[in-house]
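Listing of structure35.tsv, TSV, N, CA, C and O atoms
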```tsv
chain	number	residue	atom	x	y	z
U	26	MET	N	-29.02	10.22	12.49
U	26	MET	CA	-28.15	9.22	11.91
U	26	MET	C	-26.74	9.42	12.45
U	26	MET	O	-26.21	10.52	12.45
U	27	THR	N	-26.14	8.37	12.93
U	27	THR	CA	-24.79	8.46	13.47
U	27	THR	C	-23.78	8.07	12.40
U	27	THR	O	-24.05	7.26	11.52
U	28	ARG	N	-22.62	8.68	12.52
U	28	ARG	CA	-21.56	8.38	11.55
U	28	ARG	C	-20.78	7.16	11.99
U	28	ARG	O	-20.56	6.94	13.19
U	29	ARG	N	-20.34	6.41	11.03
U	29	ARG	CA	-19.53	5.23	11.30
U	29	ARG	C	-18.10	5.69	11.59
U	29	ARG	O	-17.60	6.62	10.98
U	30	ALA	N	-17.44	5.02	12.52
U	30	ALA	CA	-16.05	5.34	12.83
U	30	ALA	C	-15.18	5.04	11.61
U	30	ALA	O	-15.45	4.11	10.84
U	31	ARG	N	-14.16	5.85	11.44
U	31	ARG	CA	-13.27	5.68	10.30
U	31	ARG	C	-12.55	4.33	10.40
U	31	ARG	O	-12.03	3.98	11.45
U	32	ARG	N	-12.54	3.61	9.28
U	32	ARG	CA	-11.91	2.29	9.26
U	32	ARG	C	-10.63	2.34	8.43
U	32	ARG	O	-10.57	3.03	7.42
U	33	ASN	N	-9.64	1.60	8.86
U	33	ASN	CA	-8.40	1.47	8.11
U	33	ASN	C	-8.33	0.04	7.59
U	33	ASN	O	-8.26	-0.91	8.37
U	34	HIS	N	-8.34	-0.10	6.27
U	34	HIS	CA	-8.30	-1.42	5.66
U	34	HIS	C	-6.86	-1.80	5.36
U	34	HIS	O	-6.04	-0.97	4.97
U	35	THR	N	-6.57	-3.07	5.49
U	35	THR	CA	-5.22	-3.56	5.20
U	35	THR	C	-5.00	-3.59	3.69
U	35	THR	O	-5.96	-3.70	2.92
U	36	PRO	N	-3.75	-3.51	3.28
U	36	PRO	CA	-3.47	-3.61	1.84
U	36	PRO	C	-3.96	-4.92	1.23
U	36	PRO	O	-4.41	-4.95	0.09
U	37	ALA	N	-3.92	-6.01	2.00
U	37	ALA	CA	-4.40	-7.29	1.50
U	37	ALA	C	-5.90	-7.24	1.22
U	37	ALA	O	-6.37	-7.78	0.21
U	38	PHE	N	-6.66	-6.60	2.10
U	38	PHE	CA	-8.10	-6.47	1.91
U	38	PHE	C	-8.40	-5.62	0.68
U	38	PHE	O	-9.25	-5.96	-0.14
U	39	LYS	N	-7.66	-4.51	0.53
U	39	LYS	CA	-7.86	-3.63	-0.63
U	39	LYS	C	-7.58	-4.37	-1.93
U	39	LYS	O	-8.32	-4.25	-2.91
U	40	ALA	N	-6.51	-5.17	-1.93
U	40	ALA	CA	-6.17	-5.94	-3.13
U	40	ALA	C	-7.25	-6.96	-3.44
U	40	ALA	O	-7.62	-7.16	-4.60
U	41	LYS	N	-7.76	-7.61	-2.40
U	41	LYS	CA	-8.82	-8.62	-2.59
U	41	LYS	C	-10.07	-8.00	-3.20
U	41	LYS	O	-10.64	-8.54	-4.15
U	42	VAL	N	-10.46	-6.83	-2.69
U	42	VAL	CA	-11.65	-6.15	-3.20
U	42	VAL	C	-11.42	-5.68	-4.63
U	42	VAL	O	-12.27	-5.85	-5.51
U	43	ALA	N	-10.25	-5.09	-4.89
U	43	ALA	CA	-9.94	-4.58	-6.23
U	43	ALA	C	-9.88	-5.72	-7.25
U	43	ALA	O	-10.38	-5.58	-8.38
U	44	LEU	N	-9.31	-6.85	-6.88
U	44	LEU	CA	-9.26	-8.00	-7.79
U	44	LEU	C	-10.67	-8.53	-8.08
U	44	LEU	O	-10.96	-8.91	-9.21
U	45	ALA	N	-11.50	-8.54	-7.06
U	45	ALA	CA	-12.88	-8.98	-7.27
U	45	ALA	C	-13.60	-8.03	-8.23
U	45	ALA	O	-14.39	-8.47	-9.07
U	46	ALA	N	-13.30	-6.74	-8.13
U	46	ALA	CA	-13.92	-5.76	-9.03
U	46	ALA	C	-13.43	-5.94	-10.46
U	46	ALA	O	-14.20	-5.82	-11.41
U	47	ILE	N	-12.15	-6.25	-10.61
U	47	ILE	CA	-11.58	-6.45	-11.94
U	47	ILE	C	-12.13	-7.71	-12.59
U	47	ILE	O	-12.39	-7.75	-13.80
U	48	LYS	N	-12.34	-8.75	-11.79
U	48	LYS	CA	-12.90	-9.99	-12.33
U	48	LYS	C	-14.25	-9.76	-12.99
U	48	LYS	O	-14.57	-10.40	-13.99
U	49	GLY	N	-15.05	-8.89	-12.41
U	49	GLY	CA	-16.34	-8.56	-12.99
U	49	GLY	C	-17.42	-9.60	-12.79
U	49	GLY	O	-18.44	-9.57	-13.48
U	50	GLU	N	-17.25	-10.52	-11.86
U	50	GLU	CA	-18.25	-11.55	-11.61
U	50	GLU	C	-19.46	-11.00	-10.84
U	50	GLU	O	-20.54	-11.56	-10.90
U	51	MET	N	-19.23	-9.90	-10.12
U	51	MET	CA	-20.31	-9.25	-9.36
U	51	MET	C	-20.34	-7.77	-9.76
U	51	MET	O	-19.33	-7.21	-10.17
U	52	THR	N	-21.51	-7.17	-9.63
U	52	THR	CA	-21.62	-5.75	-9.92
U	52	THR	C	-20.95	-4.95	-8.80
U	52	THR	O	-20.69	-5.48	-7.72
U	53	LEU	N	-20.73	-3.68	-9.07
U	53	LEU	CA	-20.10	-2.82	-8.07
U	53	LEU	C	-20.97	-2.72	-6.81
U	53	LEU	O	-20.44	-2.75	-5.69
U	54	ALA	N	-22.27	-2.65	-7.01
U	54	ALA	CA	-23.18	-2.58	-5.86
U	54	ALA	C	-23.14	-3.86	-5.03
U	54	ALA	O	-23.17	-3.82	-3.80
U	55	GLN	N	-23.05	-5.00	-5.71
U	55	GLN	CA	-22.97	-6.27	-4.99
U	55	GLN	C	-21.65	-6.38	-4.22
U	55	GLN	O	-21.63	-6.85	-3.08
U	56	LEU	N	-20.56	-5.94	-4.84
U	56	LEU	CA	-19.27	-5.96	-4.14
U	56	LEU	C	-19.30	-5.05	-2.92
U	56	LEU	O	-18.78	-5.41	-1.86
U	57	ALA	N	-19.89	-3.86	-3.08
U	57	ALA	CA	-19.96	-2.92	-1.97
U	57	ALA	C	-20.74	-3.51	-0.79
U	57	ALA	O	-20.34	-3.37	0.36
U	58	GLU	N	-21.81	-4.20	-1.10
U	58	GLU	CA	-22.60	-4.82	-0.04
U	58	GLU	C	-21.85	-6.01	0.57
U	58	GLU	O	-21.84	-6.18	1.79
U	59	HIS	N	-21.21	-6.79	-0.26
U	59	HIS	CA	-20.51	-7.98	0.21
U	59	HIS	C	-19.33	-7.62	1.11
U	59	HIS	O	-19.13	-8.24	2.16
U	60	PHE	N	-18.55	-6.62	0.71
U	60	PHE	CA	-17.35	-6.25	1.48
U	60	PHE	C	-17.61	-5.10	2.45
U	60	PHE	O	-16.70	-4.71	3.18
U	61	ASP	N	-18.84	-4.56	2.47
U	61	ASP	CA	-19.21	-3.45	3.35
U	61	ASP	C	-18.29	-2.25	3.14
U	61	ASP	O	-17.72	-1.70	4.08
U	62	VAL	N	-18.14	-1.86	1.88
U	62	VAL	CA	-17.30	-0.73	1.48
U	62	VAL	C	-18.09	0.09	0.47
U	62	VAL	O	-18.87	-0.46	-0.30
U	63	HIS	N	-17.87	1.39	0.46
U	63	HIS	CA	-18.57	2.26	-0.47
U	63	HIS	C	-18.12	1.97	-1.91
U	63	HIS	O	-16.94	1.72	-2.15
U	64	PRO	N	-19.04	2.00	-2.87
U	64	PRO	CA	-18.68	1.71	-4.27
U	64	PRO	C	-17.60	2.64	-4.83
U	64	PRO	O	-16.75	2.19	-5.60
U	65	ASN	N	-17.60	3.91	-4.42
U	65	ASN	CA	-16.55	4.82	-4.89
U	65	ASN	C	-15.18	4.38	-4.41
U	65	ASN	O	-14.17	4.56	-5.10
U	66	GLN	N	-15.12	3.83	-3.20
U	66	GLN	CA	-13.84	3.35	-2.67
U	66	GLN	C	-13.36	2.15	-3.47
U	66	GLN	O	-12.16	2.03	-3.76
U	67	ILE	N	-14.25	1.28	-3.84
U	67	ILE	CA	-13.88	0.12	-4.65
U	67	ILE	C	-13.34	0.58	-6.00
U	67	ILE	O	-12.32	0.07	-6.48
U	68	THR	N	-13.98	1.57	-6.60
U	68	THR	CA	-13.52	2.10	-7.88
U	68	THR	C	-12.13	2.69	-7.75
U	68	THR	O	-11.27	2.48	-8.62
U	69	ALA	N	-11.86	3.40	-6.66
U	69	ALA	CA	-10.55	4.00	-6.44
U	69	ALA	C	-9.48	2.92	-6.28
U	69	ALA	O	-8.38	3.02	-6.85
U	70	TRP	N	-9.77	1.88	-5.49
U	70	TRP	CA	-8.81	0.80	-5.29
U	70	TRP	C	-8.55	0.05	-6.59
U	70	TRP	O	-7.43	-0.36	-6.87
U	71	LYS	N	-9.59	-0.13	-7.38
U	71	LYS	CA	-9.46	-0.81	-8.67
U	71	LYS	C	-8.53	-0.01	-9.59
U	71	LYS	O	-7.65	-0.58	-10.24
U	72	ALA	N	-8.71	1.30	-9.62
U	72	ALA	CA	-7.86	2.16	-10.46
U	72	ALA	C	-6.41	2.11	-9.98
U	72	ALA	O	-5.47	2.05	-10.81
U	73	LEU	N	-6.19	2.13	-8.67
U	73	LEU	CA	-4.82	2.04	-8.14
U	73	LEU	C	-4.17	0.72	-8.52
U	73	LEU	O	-2.99	0.68	-8.86
U	74	LEU	N	-4.93	-0.35	-8.44
U	74	LEU	CA	-4.39	-1.65	-8.79
U	74	LEU	C	-4.02	-1.70	-10.27
U	74	LEU	O	-2.95	-2.20	-10.62
U	75	GLN	N	-4.86	-1.16	-11.11
U	75	GLN	CA	-4.58	-1.18	-12.54
U	75	GLN	C	-3.39	-0.30	-12.88
U	75	GLN	O	-2.59	-0.65	-13.75
U	76	GLU	N	-3.22	0.83	-12.20
U	76	GLU	CA	-2.07	1.70	-12.44
U	76	GLU	C	-0.77	1.05	-11.99
U	76	GLU	O	0.26	1.17	-12.65
U	77	GLY	N	-0.81	0.35	-10.86
U	77	GLY	CA	0.40	-0.22	-10.30
U	77	GLY	C	0.71	-1.63	-10.76
U	77	GLY	O	1.73	-2.21	-10.39
U	78	ALA	N	-0.15	-2.22	-11.58
U	78	ALA	CA	0.05	-3.60	-12.00
U	78	ALA	C	1.31	-3.76	-12.84
U	78	ALA	O	1.98	-4.80	-12.78
U	79	ALA	N	1.67	-2.76	-13.62
U	79	ALA	CA	2.86	-2.86	-14.47
U	79	ALA	C	4.14	-2.95	-13.62
U	79	ALA	O	5.11	-3.59	-14.04
U	80	ASP	N	4.12	-2.37	-12.43
U	80	ASP	CA	5.30	-2.44	-11.56
U	80	ASP	C	5.59	-3.85	-11.09
U	80	ASP	O	6.72	-4.18	-10.75
U	81	VAL	N	4.58	-4.69	-11.06
U	81	VAL	CA	4.77	-6.08	-10.64
U	81	VAL	C	5.69	-6.80	-11.61
U	81	VAL	O	6.51	-7.63	-11.21
U	82	PHE	N	5.61	-6.44	-12.87
U	82	PHE	CA	6.40	-7.10	-13.90
U	82	PHE	C	7.63	-6.30	-14.30
U	82	PHE	O	8.18	-6.50	-15.37
U	83	GLY	N	8.07	-5.40	-13.47
U	83	GLY	CA	9.29	-4.66	-13.75
U	83	GLY	C	9.03	-3.25	-14.19
U	83	GLY	O	9.86	-2.39	-13.98
U	84	GLY	N	7.92	-2.97	-14.81
U	84	GLY	CA	7.52	-1.63	-15.19
U	84	GLY	C	8.63	-0.76	-15.74
U	84	GLY	O	9.50	-1.21	-16.47
U	85	SER	N	8.64	0.49	-15.36
U	85	SER	CA	9.62	1.45	-15.86
U	85	SER	C	10.74	1.69	-14.86
U	85	SER	O	11.51	2.62	-15.01
U	86	SER	N	10.85	0.87	-13.85
U	86	SER	CA	11.85	1.10	-12.81
U	86	SER	C	13.24	0.64	-13.23
U	86	SER	O	14.19	0.81	-12.49
U	87	GLY	N	13.41	0.06	-14.38
U	87	GLY	CA	14.73	-0.33	-14.82
U	87	GLY	C	15.06	-1.78	-14.54
U	87	GLY	O	16.17	-2.21	-14.75
U	88	GLY	N	14.12	-2.55	-14.03
U	88	GLY	CA	14.34	-3.97	-13.87
U	88	GLY	C	14.55	-4.43	-12.44
U	88	GLY	O	13.94	-5.37	-12.01
U	89	GLY	N	15.42	-3.78	-11.69
U	89	GLY	CA	15.73	-4.25	-10.35
U	89	GLY	C	15.07	-3.42	-9.28
U	89	GLY	O	14.51	-2.36	-9.55
U	90	PRO	N	15.19	-3.89	-8.04
U	90	PRO	CA	14.63	-3.11	-6.95
U	90	PRO	C	15.45	-1.83	-6.75
U	90	PRO	O	16.66	-1.82	-6.95
U	91	THR	N	14.77	-0.78	-6.34
U	91	THR	CA	15.46	0.48	-6.15
U	91	THR	C	16.12	0.49	-4.77
U	91	THR	O	15.57	-0.05	-3.80
U	92	THR	N	17.29	1.09	-4.69
U	92	THR	CA	18.00	1.19	-3.43
U	92	THR	C	17.84	2.62	-2.91
U	92	THR	O	17.88	3.56	-3.69
U	93	PRO	N	17.67	2.78	-1.62
U	93	PRO	CA	17.51	4.12	-1.08
U	93	PRO	C	18.83	4.89	-1.16
U	93	PRO	O	19.92	4.30	-1.16
U	94	ALA	N	18.73	6.20	-1.23
U	94	ALA	CA	19.92	7.03	-1.26
U	94	ALA	C	20.64	6.92	0.08
U	94	ALA	O	20.03	6.94	1.14
U	95	ILE	N	21.96	6.81	0.03
U	95	ILE	CA	22.77	6.63	1.23
U	95	ILE	C	23.60	7.88	1.45
U	95	ILE	O	24.27	8.36	0.54
U	96	ASP	N	23.55	8.40	2.67
U	96	ASP	CA	24.35	9.56	3.03
U	96	ASP	C	25.69	9.05	3.54
U	96	ASP	O	25.83	8.64	4.69
U	97	VAL	N	26.70	9.08	2.67
U	97	VAL	CA	28.01	8.52	2.98
U	97	VAL	C	28.70	9.29	4.09
U	97	VAL	O	29.34	8.70	4.98
U	98	LYS	N	28.56	10.61	4.11
U	98	LYS	CA	29.22	11.42	5.14
U	98	LYS	C	28.73	11.05	6.53
U	98	LYS	O	29.55	10.92	7.46
U	99	SER	N	27.42	10.87	6.69
U	99	SER	CA	26.91	10.53	8.01
U	99	SER	C	27.35	9.12	8.42
U	99	SER	O	27.61	8.87	9.61
U	100	LEU	N	27.47	8.23	7.45
U	100	LEU	CA	27.96	6.88	7.78
U	100	LEU	C	29.42	6.90	8.21
U	100	LEU	O	29.80	6.22	9.16
U	101	HIS	N	30.24	7.70	7.52
U	101	HIS	CA	31.65	7.82	7.92
U	101	HIS	C	31.76	8.45	9.31
U	101	HIS	O	32.61	8.03	10.12
U	102	ALA	N	30.92	9.41	9.61
U	102	ALA	CA	30.93	10.03	10.93
U	102	ALA	C	30.56	9.01	12.00
U	102	ALA	O	31.18	8.96	13.07
U	103	LYS	N	29.56	8.20	11.72
U	103	LYS	CA	29.13	7.17	12.68
U	103	LYS	C	30.24	6.14	12.90
U	103	LYS	O	30.48	5.70	14.03
U	104	ILE	N	30.92	5.75	11.83
U	104	ILE	CA	32.04	4.80	11.94
U	104	ILE	C	33.13	5.38	12.83
U	104	ILE	O	33.69	4.69	13.69
U	105	GLY	N	33.43	6.67	12.64
U	105	GLY	CA	34.44	7.33	13.46
U	105	GLY	C	34.05	7.34	14.93
U	105	GLY	O	34.88	7.08	15.81
U	106	GLU	N	32.80	7.64	15.21
U	106	GLU	CA	32.32	7.65	16.59
U	106	GLU	C	32.44	6.26	17.22
U	106	GLU	O	32.90	6.11	18.35
U	107	LEU	N	32.03	5.24	16.50
U	107	LEU	CA	32.09	3.87	17.03
U	107	LEU	C	33.52	3.42	17.23
U	107	LEU	O	33.83	2.69	18.19
U	108	THR	N	34.41	3.84	16.35
U	108	THR	CA	35.83	3.48	16.49
U	108	THR	C	36.39	4.10	17.75
U	108	THR	O	37.13	3.45	18.51
U	109	LEU	N	36.05	5.38	18.02
U	109	LEU	CA	36.52	6.05	19.23
U	109	LEU	C	35.97	5.36	20.46
U	109	LEU	O	36.69	5.21	21.46
U	110	GLU	N	34.72	4.93	20.44
U	110	GLU	CA	34.13	4.25	21.58
U	110	GLU	C	34.81	2.92	21.83
U	110	GLU	O	35.04	2.52	22.98
U	111	ASN	N	35.16	2.20	20.77
U	111	ASN	CA	35.80	0.90	20.93
U	111	ASN	C	37.23	1.04	21.42
U	111	ASN	O	37.73	0.18	22.15
U	112	ASP	N	37.92	2.12	21.04
U	112	ASP	CA	39.31	2.32	21.44
U	112	ASP	C	39.41	2.71	22.91
U	112	ASP	O	40.42	2.42	23.56
U	113	SER	N	38.41	3.35	23.47
U	113	SER	CA	38.51	3.81	24.87
U	113	SER	C	38.00	2.79	25.85
U	113	SER	O	37.57	1.77	25.66
```
As structure tokens:
Amino acid sequence: MTRRARRNHTPAFKAKVALAAIKGEMTLAQLAEHFDVHPNQITAWKALLQEGAADVFGGSSGGGPTTPAIDVKSLHAKIGELTLENDS
């Protein structure tokens, strides 16, 4: 028996499969056959979707999108370098 090459599924595909599992219109075995994915993988994606669903509606993040931390010192250094380049 040969092993199947590792597949990388897109986030859109994972969401589609997980939503189909949540709907419950098909059994897990039917979904696995339909989407050609192992049933354990469908269960994992379904759990991830259910855990992250609250974030769609604002969850515990405080309401707004999070901003990445900014290193002000490195930005000031870069501004200084660019100013020197423009002056010469």
Selection near Lys41 in chain U, 12 Å with only C-alpha atoms, sequence-local residues under 3 positions removed, as a ChimeraX atom specification: /U:34-38,44-48,56,60,67,70-71,74
Any idea what's packed within 12 Å of Ala54 in chain U, counting only C-alpha atoms, ignoring anything in its chain fewer than 5 positions away? Could you give it as a PyMOL selection string? chain U and resi 46+49+59-68
Would you work out the distance separating atom C of Arg28 in chain U from atom C of Glu58 in chain U, expressed in Å to one decimal?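 Atom C of Glu58 in chain U lies 17.5 Å from atom C of Arg28 in chain U.
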Any idea what the distance is between CA of Asn111 in chain U and CA of Pro93 in chain U?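 About the pair CA of Asn111 in chain U and CA of Pro93 in chain U: they are 28.8 Å apart.
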I'd like the interatomic distance between CA of Val42 in chain U and CA of Glu76 in chain U, to a tenth of an Å.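 About the pair CA of Val42 in chain U and CA of Glu76 in chain U: they are 15.5 Å apart.
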